[in-house]
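Asks: Supplied structure: my_file.txt, compact mmCIF, C-alpha atoms.
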# COMPACT_ATOMS: atom_id res chain seq x y z
CA MET R 1 -148.23 -1.96 43.10
CA THR R 2 -151.21 -2.86 45.25
CA THR R 3 -153.67 -0.32 46.54
CA VAL R 4 -155.48 -0.64 49.85
CA LEU R 5 -157.41 2.20 51.49
CA GLY R 6 -156.10 4.52 48.80
CA TYR R 7 -152.52 3.77 49.81
CA ALA R 8 -150.15 2.62 47.09
CA PHE R 9 -147.74 0.08 48.56
CA GLN R 10 -144.20 0.39 47.30
CA TRP R 11 -143.23 -3.25 47.47
CA SER R 12 -140.33 -2.56 45.12
CA VAL R 13 -138.32 -1.01 47.98
CA ILE R 14 -138.34 -4.29 49.92
CA ARG R 15 -135.76 -6.06 47.79
CA PRO R 16 -133.01 -3.40 47.92
CA ALA R 17 -133.90 -2.72 51.57
CA ILE R 18 -133.31 -6.33 52.60
CA GLY R 19 -129.76 -6.10 51.27
CA GLU R 20 -129.09 -3.01 53.39
CA LEU R 21 -130.83 -4.42 56.45
CA TRP R 22 -128.62 -7.47 56.23
CA HIS R 23 -125.66 -5.24 57.14
CA GLY R 24 -127.69 -3.64 59.92
CA LEU R 25 -128.51 -7.09 61.24
CA GLY R 26 -124.79 -7.78 61.58
CA ILE R 27 -124.31 -4.66 63.71
CA THR R 28 -127.38 -5.41 65.84
CA LEU R 29 -126.12 -8.92 66.55
CA GLU R 30 -122.63 -7.61 67.26
CA LEU R 31 -123.95 -4.96 69.66
CA SER R 32 -126.24 -7.34 71.49
CA GLY R 33 -123.81 -10.27 71.46
CA LEU R 34 -121.01 -8.17 72.93
CA SER R 35 -123.36 -6.68 75.54
CA LEU R 36 -124.61 -10.17 76.41
CA VAL R 37 -121.12 -11.53 77.04
CA LEU R 38 -120.05 -8.48 79.05
CA SER R 39 -123.20 -8.34 81.14
CA LEU R 40 -123.10 -12.09 81.80
CA ALA R 41 -119.59 -11.68 83.22
CA LEU R 42 -120.25 -8.44 85.09
CA GLY R 43 -123.60 -9.73 86.36
CA LEU R 44 -121.94 -12.83 87.81
CA PHE R 45 -119.30 -10.70 89.50
CA VAL R 46 -121.96 -8.45 91.04
CA ALA R 47 -124.01 -11.46 92.15
CA LEU R 48 -120.95 -12.98 93.86
CA CYS R 49 -120.32 -9.65 95.58
CA ARG R 50 -123.93 -9.61 96.82
CA LEU R 51 -123.44 -13.06 98.34
CA SER R 52 -119.99 -12.32 99.73
CA PRO R 53 -119.38 -12.37 103.49
CA VAL R 54 -117.70 -8.95 103.25
CA ARG R 55 -120.28 -6.34 104.19
CA LEU R 56 -118.81 -3.54 102.10
CA LEU R 57 -118.90 -5.65 98.91
CA ARG R 58 -122.46 -6.71 99.65
CA GLY R 59 -123.57 -3.12 100.13
CA ALA R 60 -121.81 -1.90 97.01
CA ALA R 61 -123.33 -4.67 94.89
CA TYR R 62 -126.79 -3.93 96.31
CA VAL R 63 -126.45 -0.25 95.40
CA TYR R 64 -125.18 -1.21 91.92
CA VAL R 65 -128.20 -3.38 91.25
CA GLN R 66 -130.71 -0.86 92.58
CA VAL R 67 -129.19 2.11 90.75
CA PHE R 68 -128.68 0.47 87.38
CA ARG R 69 -132.08 -1.18 87.32
CA ALA R 70 -133.86 2.07 88.08
CA LEU R 71 -133.29 3.75 84.72
CA SER R 72 -134.33 3.14 81.15
CA LEU R 73 -131.80 2.34 78.45
CA TYR R 74 -132.54 5.54 76.54
CA ILE R 75 -131.66 7.68 79.56
CA TYR R 76 -128.39 5.74 79.95
CA VAL R 77 -127.54 6.17 76.31
CA LEU R 78 -128.15 9.93 76.47
CA TRP R 79 -126.33 10.22 79.77
CA ILE R 80 -123.28 8.24 78.65
CA TYR R 81 -123.07 9.47 75.06
CA PHE R 82 -123.77 13.17 75.70
CA GLY R 83 -123.58 13.68 79.47
CA ILE R 84 -120.45 11.79 80.51
CA ALA R 85 -118.78 12.60 77.22
CA GLY R 86 -119.28 16.30 77.89
CA ALA R 87 -118.37 16.23 81.57
CA VAL R 88 -115.33 13.96 81.48
CA GLY R 89 -114.19 14.83 77.99
CA ILE R 90 -114.21 11.24 76.71
CA ASN R 91 -115.72 10.85 73.28
CA PHE R 92 -117.31 7.46 73.07
CA SER R 93 -118.29 6.18 69.66
CA PRO R 94 -122.03 5.46 69.41
CA VAL R 95 -121.29 1.72 69.44
CA THR R 96 -119.11 1.94 72.57
CA ALA R 97 -121.66 4.12 74.35
CA GLY R 98 -124.40 1.70 73.34
CA VAL R 99 -122.55 -1.40 74.54
CA LEU R 100 -121.68 0.35 77.81
CA ALA R 101 -125.29 1.35 78.39
CA LEU R 102 -126.64 -2.10 77.54
CA THR R 103 -124.00 -3.74 79.74
CA VAL R 104 -124.53 -1.72 82.92
CA LEU R 105 -128.30 -1.98 82.66
CA ASN R 106 -128.45 -5.69 81.91
CA SER R 107 -125.67 -6.73 84.26
CA ALA R 108 -127.82 -5.41 87.11
CA TYR R 109 -130.76 -7.56 86.00
CA MET R 110 -128.50 -10.56 85.43
CA ALA R 111 -126.96 -10.19 88.86
CA GLU R 112 -130.44 -10.68 90.31
CA ILE R 113 -131.08 -13.68 88.06
CA TYR R 114 -127.81 -15.33 89.15
CA ARG R 115 -128.48 -14.53 92.78
CA SER R 116 -131.88 -16.19 92.82
CA ALA R 117 -130.54 -19.16 90.82
CA LEU R 118 -127.65 -19.64 93.26
CA GLY R 119 -130.16 -19.43 96.11
CA ALA R 120 -132.29 -22.09 94.44
CA VAL R 121 -129.53 -24.72 94.54
CA ASP R 122 -130.19 -27.06 97.44
CA PRO R 123 -127.87 -26.21 100.40
CA GLY R 124 -127.31 -29.95 100.75
CA GLN R 125 -125.21 -29.80 97.59
CA ARG R 126 -122.71 -27.49 99.23
CA GLU R 127 -122.61 -29.62 102.35
CA ALA R 128 -122.09 -32.72 100.24
CA ALA R 129 -119.27 -31.02 98.34
CA THR R 130 -117.62 -29.96 101.59
CA SER R 131 -117.91 -33.42 103.09
CA LEU R 132 -116.26 -34.84 99.96
CA GLY R 133 -113.30 -32.55 100.62
CA PHE R 134 -114.02 -29.84 98.04
CA GLY R 135 -112.77 -26.38 98.99
CA ARG R 136 -115.05 -23.37 98.87
CA ILE R 137 -113.93 -22.28 95.41
CA ARG R 138 -113.87 -25.74 93.84
CA GLY R 139 -117.17 -26.62 95.44
CA PHE R 140 -118.68 -23.49 93.97
CA SER R 141 -117.22 -23.84 90.50
CA THR R 142 -117.80 -27.56 90.02
CA VAL R 143 -120.93 -28.26 92.08
CA ILE R 144 -123.02 -25.18 92.80
CA PHE R 145 -122.43 -22.96 89.78
CA PRO R 146 -123.17 -25.51 87.02
CA GLN R 147 -126.53 -26.24 88.64
CA ALA R 148 -127.32 -22.56 89.14
CA VAL R 149 -126.63 -21.83 85.46
CA ARG R 150 -129.12 -24.48 84.42
CA ILE R 151 -131.74 -22.86 86.62
CA ALA R 152 -130.87 -19.38 85.33
CA VAL R 153 -130.91 -20.15 81.61
CA PRO R 154 -134.58 -19.35 80.85
CA SER R 155 -134.37 -15.96 82.59
CA LEU R 156 -131.01 -15.18 81.02
CA VAL R 157 -132.47 -15.92 77.59
CA ASN R 158 -135.36 -13.53 78.28
CA GLN R 159 -132.79 -10.94 79.22
CA PHE R 160 -130.95 -11.52 75.96
CA VAL R 161 -134.18 -11.05 74.02
CA ASP R 162 -134.60 -7.72 75.82
CA ILE R 163 -131.02 -6.78 74.92
CA VAL R 164 -131.67 -7.43 71.23
CA LYS R 165 -134.88 -5.39 71.29
CA ASP R 166 -133.38 -2.58 73.39
CA SER R 167 -130.36 -2.36 71.09
CA SER R 168 -132.66 -0.60 68.59
CA ILE R 169 -132.56 2.42 70.91
CA ILE R 170 -128.86 2.90 70.22
CA ALA R 171 -129.73 3.82 66.64
CA ILE R 172 -130.94 7.17 67.99
CA ILE R 173 -127.33 8.23 68.61
CA GLY R 174 -126.27 7.13 65.15
CA THR R 175 -125.29 3.46 64.86
CA ALA R 176 -125.94 1.67 61.58
CA ASP R 177 -127.75 -1.21 63.24
CA LEU R 178 -131.05 -2.63 61.94
CA PHE R 179 -133.09 0.32 63.12
CA GLY R 180 -130.52 2.94 62.15
CA VAL R 181 -130.34 1.53 58.63
CA THR R 182 -134.14 1.50 58.45
CA ASN R 183 -134.36 5.18 59.35
CA ARG R 184 -131.90 6.03 56.60
CA LEU R 185 -133.83 3.91 54.12
CA VAL R 186 -137.09 5.60 55.11
CA SER R 187 -135.72 9.05 54.40
CA TYR R 188 -134.36 7.79 51.07
CA TYR R 189 -137.33 5.80 49.76
CA ARG R 190 -140.15 7.60 51.60
CA ALA R 191 -141.89 4.31 52.31
CA PRO R 192 -142.24 4.31 56.11
CA PHE R 193 -144.99 1.70 56.39
CA GLU R 194 -143.24 -0.92 54.25
CA LEU R 195 -139.81 -0.39 55.80
CA TYR R 196 -140.85 -0.21 59.47
CA THR R 197 -142.97 -3.33 58.95
CA LEU R 198 -139.99 -5.04 57.36
CA VAL R 199 -137.65 -4.18 60.23
CA ALA R 200 -140.30 -5.31 62.72
CA PHE R 201 -140.19 -8.73 61.03
CA PHE R 202 -136.40 -8.76 61.27
CA TYR R 203 -136.57 -8.22 65.03
CA LEU R 204 -139.40 -10.71 65.38
CA THR R 205 -137.36 -13.33 63.52
CA ILE R 206 -134.33 -12.82 65.77
CA VAL R 207 -136.48 -13.06 68.90
CA LEU R 208 -138.25 -16.23 67.72
CA ALA R 209 -134.95 -17.78 66.65
CA VAL R 210 -133.36 -17.02 70.03
CA SER R 211 -136.36 -18.50 71.85
CA ALA R 212 -136.26 -21.63 69.69
CA LEU R 213 -132.53 -22.10 70.27
CA ALA R 214 -133.06 -21.52 73.97
CA ALA R 215 -135.72 -24.23 74.12
CA VAL R 216 -133.26 -26.72 72.61
CA LEU R 217 -130.49 -25.59 74.96
CA GLU R 218 -132.75 -25.89 78.00
CA LYS R 219 -133.74 -29.41 77.10
CA ARG R 220 -130.08 -30.42 76.70
CA LEU R 221 -129.07 -28.77 79.95
CA ARG R 222 -131.88 -30.36 81.93
CA ARG R 223 -131.16 -33.90 80.77
CA HIS R 224 -129.33 -34.84 83.95
CA LEU R 225 -131.19 -32.60 86.31
CA LEU R 226 -133.82 -33.67 88.79
CA LEU R 227 -135.88 -30.54 89.32
CA MET O 228 -113.86 17.91 86.95
CA LEU O 229 -111.24 18.35 84.24
CA ALA O 230 -112.04 21.13 81.80
CA TYR O 231 -115.77 20.87 82.29
CA SER O 232 -117.43 23.43 84.49
CA TYR O 233 -120.85 22.54 85.77
CA HIS O 234 -123.76 24.81 85.02
CA TRP O 235 -126.83 23.82 86.93
CA GLN O 236 -128.53 27.17 86.44
CA PRO O 237 -130.19 26.28 83.10
CA VAL O 238 -131.64 23.14 84.66
CA LEU O 239 -132.92 25.12 87.64
CA ASP O 240 -134.34 27.82 85.37
CA ARG O 241 -136.29 25.23 83.42
CA SER O 242 -137.14 22.98 86.33
CA HIS O 243 -140.80 23.82 85.83
CA ALA O 244 -140.69 22.60 82.21
CA LEU O 245 -138.87 19.44 83.35
CA ILE O 246 -141.53 18.69 85.94
CA VAL O 247 -144.32 19.32 83.43
CA GLY O 248 -142.44 16.98 81.07
CA ALA O 249 -142.21 14.33 83.78
CA TRP O 250 -145.95 14.68 84.30
CA VAL O 251 -146.47 14.06 80.55
CA ASP O 252 -144.49 10.81 80.90
CA VAL O 253 -146.59 9.84 83.91
CA TRP O 254 -150.02 10.43 82.40
CA VAL O 255 -149.12 8.89 79.05
CA THR O 256 -147.93 5.83 81.02
CA LEU O 257 -151.04 5.68 83.19
CA ILE O 258 -153.50 5.99 80.28
CA SER O 259 -151.56 3.39 78.27
CA PHE O 260 -151.39 1.09 81.28
CA VAL O 261 -155.15 1.18 81.88
CA LEU O 262 -155.83 0.58 78.18
CA ALA O 263 -153.21 -2.20 78.09
CA CYS O 264 -154.91 -3.89 81.06
CA ILE O 265 -158.33 -3.77 79.37
CA LEU O 266 -156.91 -5.07 76.10
CA GLY O 267 -154.82 -7.62 78.00
CA ILE O 268 -157.87 -9.02 79.83
CA ALA O 269 -159.71 -9.36 76.52
CA ILE O 270 -156.79 -11.22 74.94
CA ALA O 271 -156.31 -13.42 78.00
CA LEU O 272 -160.00 -14.36 77.87
CA LEU O 273 -159.63 -15.31 74.21
CA ARG O 274 -156.64 -17.46 75.10
CA VAL O 275 -158.40 -19.31 77.89
CA SER O 276 -161.69 -19.55 75.95
CA GLY O 277 -160.92 -23.14 74.98
CA LEU O 278 -161.88 -22.37 71.38
CA ARG O 279 -159.05 -22.68 68.93
CA VAL O 280 -160.35 -20.00 66.58
CA PHE O 281 -160.02 -17.47 69.42
CA ALA O 282 -157.07 -18.88 71.31
CA TRP O 283 -154.73 -19.16 68.36
CA PRO O 284 -154.94 -15.56 67.06
CA ALA O 285 -154.56 -14.33 70.64
CA PHE O 286 -151.42 -16.45 71.05
CA ALA O 287 -150.06 -15.16 67.73
CA TYR O 288 -150.79 -11.56 68.79
CA VAL O 289 -148.82 -11.96 72.00
CA GLN O 290 -145.85 -13.60 70.27
CA LEU O 291 -145.83 -11.05 67.47
CA ILE O 292 -146.03 -7.98 69.69
CA ARG O 293 -143.44 -9.25 72.16
CA GLY O 294 -140.96 -9.78 69.35
CA VAL O 295 -140.91 -6.16 68.22
CA PRO O 296 -139.08 -3.37 70.07
CA LEU O 297 -141.16 -0.48 71.43
CA LEU O 298 -139.08 2.01 69.47
CA VAL O 299 -139.91 0.27 66.18
CA PHE O 300 -143.58 0.31 67.20
CA LEU O 301 -143.48 4.03 67.91
CA TYR O 302 -142.11 4.77 64.45
CA TRP O 303 -144.37 2.22 62.82
CA VAL O 304 -147.50 3.79 64.30
CA TYR O 305 -146.45 7.41 63.95
CA PHE O 306 -144.91 7.31 60.49
CA GLY O 307 -145.99 4.00 58.96
CA VAL O 308 -149.62 3.45 59.91
CA ALA O 309 -150.25 7.18 59.59
CA VAL O 310 -149.46 7.14 55.84
CA LEU O 311 -151.17 3.78 55.35
CA LEU O 312 -154.48 4.93 56.78
CA GLY O 313 -154.05 8.57 55.89
CA VAL O 314 -154.61 9.46 59.55
CA ASN O 315 -152.43 12.04 61.21
CA PHE O 316 -151.98 10.88 64.76
CA THR O 317 -150.55 13.47 67.10
CA ALA O 318 -147.27 12.34 68.61
CA THR O 319 -148.99 11.80 71.96
CA GLN O 320 -151.73 9.64 70.41
CA ALA O 321 -149.13 7.55 68.59
CA ALA O 322 -147.16 7.16 71.82
CA ILE O 323 -150.26 5.99 73.71
CA ILE O 324 -151.17 3.53 70.94
CA ALA O 325 -147.67 2.07 70.77
CA LEU O 326 -147.31 1.78 74.55
CA THR O 327 -150.79 0.26 74.88
CA VAL O 328 -150.23 -2.37 72.20
CA THR O 329 -146.78 -3.42 73.47
CA GLY O 330 -148.02 -3.39 77.06
CA SER O 331 -151.11 -5.46 76.23
CA ALA O 332 -149.01 -8.42 75.09
CA TYR O 333 -147.40 -8.55 78.53
CA THR O 334 -150.58 -7.88 80.54
CA ALA O 335 -152.37 -10.59 78.51
CA GLU O 336 -149.82 -13.19 79.61
CA ILE O 337 -150.05 -12.01 83.21
CA PHE O 338 -153.86 -12.16 83.29
CA ARG O 339 -153.76 -15.57 81.63
CA ALA O 340 -151.42 -16.84 84.33
CA GLY O 341 -153.59 -15.16 86.97
CA ILE O 342 -156.77 -16.80 85.70
CA GLY O 343 -154.94 -20.13 85.45
CA GLY O 344 -153.70 -19.67 89.02
CA VAL O 345 -157.19 -19.67 90.51
CA ASP O 346 -158.09 -23.10 91.85
CA VAL O 347 -160.61 -24.90 89.58
CA GLY O 348 -162.51 -25.86 92.73
CA ASN O 349 -163.62 -22.22 92.96
CA VAL O 350 -165.44 -22.41 89.65
CA GLU O 351 -166.99 -25.73 90.62
CA ALA O 352 -168.10 -24.31 93.94
CA ALA O 353 -169.57 -21.25 92.22
CA THR O 354 -171.41 -23.45 89.72
CA ALA O 355 -172.72 -25.60 92.55
CA LEU O 356 -174.05 -22.44 94.21
CA GLY O 357 -175.94 -21.60 91.03
CA PHE O 358 -173.62 -18.98 89.54
CA THR O 359 -173.69 -18.71 85.76
CA ARG O 360 -170.35 -19.00 83.96
CA ARG O 361 -170.18 -15.25 83.54
CA ALA O 362 -171.15 -14.46 87.14
CA ALA O 363 -168.63 -17.00 88.41
CA PHE O 364 -165.91 -15.32 86.39
CA ARG O 365 -166.87 -11.81 87.48
CA HIS O 366 -167.40 -12.43 91.17
CA VAL O 367 -165.25 -15.44 91.96
CA VAL O 368 -162.43 -15.98 89.47
CA PHE O 369 -161.51 -12.47 88.40
CA PRO O 370 -161.09 -10.88 91.86
CA GLN O 371 -158.66 -13.65 92.79
CA ALA O 372 -156.88 -13.63 89.44
CA PHE O 373 -156.41 -9.88 89.74
CA ARG O 374 -154.67 -10.27 93.09
CA ILE O 375 -152.35 -12.93 91.68
CA ALA O 376 -151.64 -10.68 88.70
CA LEU O 377 -150.98 -7.52 90.70
CA PRO O 378 -147.24 -7.84 91.43
CA PRO O 379 -146.25 -8.68 87.82
CA LEU O 380 -148.66 -5.98 86.58
CA GLY O 381 -146.74 -3.53 88.74
CA ASN O 382 -143.55 -4.56 86.95
CA VAL O 383 -145.24 -3.93 83.62
CA LEU O 384 -146.37 -0.49 84.80
CA ILE O 385 -142.81 0.41 85.75
CA GLY O 386 -141.52 -1.06 82.49
CA MET O 387 -144.01 1.11 80.63
CA LEU O 388 -142.88 4.19 82.55
CA LYS O 389 -139.31 3.46 81.49
CA GLY O 390 -140.54 2.85 77.95
CA ALA O 391 -142.32 6.20 78.02
CA THR O 392 -138.94 7.95 78.21
CA LEU O 393 -138.63 7.03 74.51
CA ILE O 394 -141.62 9.03 73.33
CA SER O 395 -139.61 12.20 72.80
CA VAL O 396 -138.13 10.58 69.66
CA ILE O 397 -141.41 11.16 67.82
CA GLY O 398 -141.74 14.64 69.28
CA VAL O 399 -143.76 14.33 72.50
CA VAL O 400 -142.61 17.14 74.79
CA ASP O 401 -141.77 15.01 77.81
CA MET O 402 -138.94 15.43 80.31
CA VAL O 403 -136.34 13.93 77.99
CA PHE O 404 -137.41 16.34 75.25
CA VAL O 405 -137.00 19.27 77.64
CA ALA O 406 -133.57 17.98 78.71
CA GLN O 407 -132.44 17.78 75.11
CA GLN O 408 -133.71 21.30 74.54
CA ILE O 409 -131.67 22.54 77.51
CA ASN O 410 -128.62 20.75 76.10
CA LEU O 411 -129.12 22.33 72.68
CA ASP O 412 -129.62 25.81 74.12
CA TYR O 413 -126.74 25.83 76.62
CA PHE O 414 -124.40 23.00 75.49
CA THR O 415 -124.53 21.50 78.97
CA PRO O 416 -125.28 17.81 78.33
CA PHE O 417 -124.37 16.39 81.72
CA GLU O 418 -126.70 18.42 83.95
CA PRO O 419 -130.07 18.03 82.18
CA PHE O 420 -129.62 14.30 81.52
CA THR O 421 -128.57 13.75 85.12
CA ALA O 422 -131.64 15.69 86.23
CA VAL O 423 -133.86 13.49 84.06
CA ALA O 424 -132.19 10.34 85.42
CA LEU O 425 -132.90 11.51 88.98
CA LEU O 426 -136.50 12.38 88.11
CA LEU O 427 -136.99 8.89 86.66
CA ILE O 428 -135.50 7.25 89.76
CA VAL O 429 -137.90 9.24 91.94
CA LEU O 430 -140.89 8.32 89.76
CA VAL O 431 -139.97 4.62 89.71
CA ALA O 432 -139.49 4.62 93.50
CA PHE O 433 -142.84 6.40 93.95
CA PHE O 434 -144.73 3.90 91.80
CA SER O 435 -143.01 0.93 93.44
CA ALA O 436 -144.03 2.21 96.87
CA LEU O 437 -147.60 2.81 95.70
CA LEU O 438 -147.82 -0.71 94.28
CA THR O 439 -146.53 -2.24 97.51
CA ILE O 440 -149.21 -0.37 99.45
CA LEU O 441 -151.89 -1.48 96.97
CA GLU O 442 -150.76 -5.11 97.18
CA ARG O 443 -150.95 -5.00 100.96
CA ALA O 444 -154.37 -3.36 100.93
CA LEU O 445 -155.79 -5.97 98.56
CA ARG O 446 -154.19 -9.01 100.18
CA LEU O 447 -156.72 -11.63 101.15
CA PRO O 448 -156.84 -12.65 104.80
Go ahead and render the structure in this file as structure tokens.

Replies:
Amino acid sequence: MTTVLGYAFQWSVIRPAIGELWHGLGITLELSGLSLVLSLALGLFVALCRLSPVRLLRGAAYVYVQVFRALSLYIYVLWIYFGIAGAVGINFSPVTAGVLALTVLNSAYMAEIYRSALGAVDPGQREAATSLGFGRIRGFSTVIFPQAVRIAVPSLVNQFVDIVKDSSIIAIIGTADLFGVTNRLVSYYRAPFELYTLVAFFYLTIVLAVSALAAVLEKRLRRHLLL
Amino acid sequence: MLAYSYHWQPVLDRSHALIVGAWVDVWVTLISFVLACILGIAIALLRVSGLRVFAWPAFAYVQLIRGVPLLVFLYWVYFGVAVLLGVNFTATQAAIIALTVTGSAYTAEIFRAGIGGVDVGNVEAATALGFTRRAAFRHVVFPQAFRIALPPLGNVLIGMLKGATLISVIGVVDMVFVAQQINLDYFTPFEPFTAVALLLIVLVAFFSALLTILERALRLP
């Protein structure tokens, strides 16, 4: 036991806490991984709608992006988990409600990321694809989209980092993710400073690891690209 | 819809409390934003100081703070640091501290980019005109850097406003707190949370409009 400023640190809680947090880490990664995949797909769909020649689709996608970007995750979680559940009579589990909230919010941001990335691909590429006899769909999927993804990767990674950090909010409705586990440990061991510091380092480590992986990925993706 | 019957009356009855709660979110955000800007400028200056002893800790600060969720910070300050230092922060103080610290990591990066975005020729010109380093920064570099930084700073402000909706978890009586109270008293979850969502949309739209006006007013000819 070390004493600083009259405070007796309870370092002994760290060891058992790490074991528990390990389980929480699994749930956090599951929540954020699932939300990432879903919002990547939904975001792409919304971005394509925003660029579609059909006016109605464009309008709907615009409204989607504006509405879902306007709110904070916590409001979504409360609204979906308590509000919608009460009004429609569906009982979402905390994990489902959390993934839904993370997905609608982040898909709106990702739609914007995709849209600007698609806009950043030189129009000459499309013309070249057309002149080589590629159809609209094949031209998009084999020429335009792969380049747009490379441009979008850094922003998408930032978005993923936000998803991981925001996923802590879902603990408020009762998931056993990193932060949920920490809260339980705090009420058990009564060592808030040690445990909240510990969980902060867990999040920090995930974020740094994701950024490091992203740097490697970016380098690989940009090998063939003249930008 | 289905078996649920809507009861907007409780929300209307407590609309005053909701608006007061929204105001709490707004002023907590504004105070934290101003403090985060001041702290952010200080950290940005350390980073561009050219001295490793200053630049490195500032870099570490930014990386560290940006890696930790706001919610964890709120609990860390309110429950953790409070027992460590033996200080009892009020919930509002803890909220302002947590929002300021998280915000400062973002504003620091923005100011750094803003300062870096000012043409070096400006400093050279100022020096040639006899400005000291400090005067050149204050009168030549900073006013331009601030204009470059303004749009991303606006995004941070709006991000902080959204972050402020979390402060009810440590007991600040903001609009979300009031909405939860309404839900607990009347078992009508949908209405109060919808009301809060609408309030937040209005606030975000208001601040975005304000920032656009400010950007236009400050734009250089």

Asks: Around (-145.2, 1.5, 64.2) in the file's own coordinates, what residues are found within 12 Å if you use all atoms listed in the file, given back as number ranges by chain?

Replies: R: 192-201; O: 292, 295-311, 316, 318, 321-326, 328-329, 397

Asks: For chain O, which residue among R:Val207, R:Leu21, R:Ala47, R:Val153 is the nearest when counting only C-alpha atoms?

Replies: R:Val207

Asks: Set the distance at 10 Å and use only C-alpha atoms: which residues neighbour Gly83 in chain R once local chain neighbours fewer than 3 positions away are removed? I'd like the list as a tab-separated table (two decimals) with C-alpha atoms, in the coordinates of the input.

Replies:
chain	number	residue	atom	x	y	z
R	76	TYR	CA	-128.39	5.74	79.95
R	77	VAL	CA	-127.54	6.17	76.31
R	78	LEU	CA	-128.15	9.93	76.47
R	79	TRP	CA	-126.33	10.22	79.77
R	80	ILE	CA	-123.28	8.24	78.65
R	86	GLY	CA	-119.28	16.30	77.89
R	87	ALA	CA	-118.37	16.23	81.57
R	88	VAL	CA	-115.33	13.96	81.48
R	89	GLY	CA	-114.19	14.83	77.99
O	410	ASN	CA	-128.62	20.75	76.10
O	415	THR	CA	-124.53	21.50	78.97
O	416	PRO	CA	-125.28	17.81	78.33
O	417	PHE	CA	-124.37	16.39	81.72
O	418	GLU	CA	-126.70	18.42	83.95
O	419	PRO	CA	-130.07	18.03	82.18
O	420	PHE	CA	-129.62	14.30	81.52
O	421	THR	CA	-128.57	13.75	85.12

Asks: Could you give me, as a list of chain:residue names, the residues within 9 Å of range 434-439 of chain O, counting all atoms listed in the file and dropping anything in the same chain fewer than 2 positions from it?

Replies: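 Result of the neighbour search: O:Leu377, O:Pro378, O:Gly381, O:Asn382, O:Leu384, O:Ile385, O:Val429, O:Leu430, O:Val431, O:Ala432, O:Leu441, O:Glu442, O:Arg443, O:Ala444.
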
Asks: Selection from above, C-alpha atoms, as an mmCIF file, in the coordinates of the input, can you write it?

Replies:
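The resulting out23.cif:
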data_model
loop_
_atom_site.group_PDB
_atom_site.id
_atom_site.type_symbol
_atom_site.label_atom_id
_atom_site.label_comp_id
_atom_site.auth_asym_id
_atom_site.auth_seq_id
_atom_site.Cartn_x
_atom_site.Cartn_y
_atom_site.Cartn_z
ATOM 1 C CA LEU O 377 -150.980 -7.520 90.700
ATOM 2 C CA PRO O 378 -147.240 -7.840 91.430
ATOM 3 C CA GLY O 381 -146.740 -3.530 88.740
ATOM 4 C CA ASN O 382 -143.550 -4.560 86.950
ATOM 5 C CA LEU O 384 -146.370 -0.490 84.800
ATOM 6 C CA ILE O 385 -142.810 0.410 85.750
ATOM 7 C CA VAL O 429 -137.900 9.240 91.940
ATOM 8 C CA LEU O 430 -140.890 8.320 89.760
ATOM 9 C CA VAL O 431 -139.970 4.620 89.710
ATOM 10 C CA ALA O 432 -139.490 4.620 93.500
ATOM 11 C CA LEU O 441 -151.890 -1.480 96.970
ATOM 12 C CA GLU O 442 -150.760 -5.110 97.180
ATOM 13 C CA ARG O 443 -150.950 -5.000 100.960
ATOM 14 C CA ALA O 444 -154.370 -3.360 100.930
#

Asks: Rounded to one decimal in Å, what is the spacing between CA of Gln147 in chain R and CA of Leu118 in chain R?

Replies: 8.1 Å
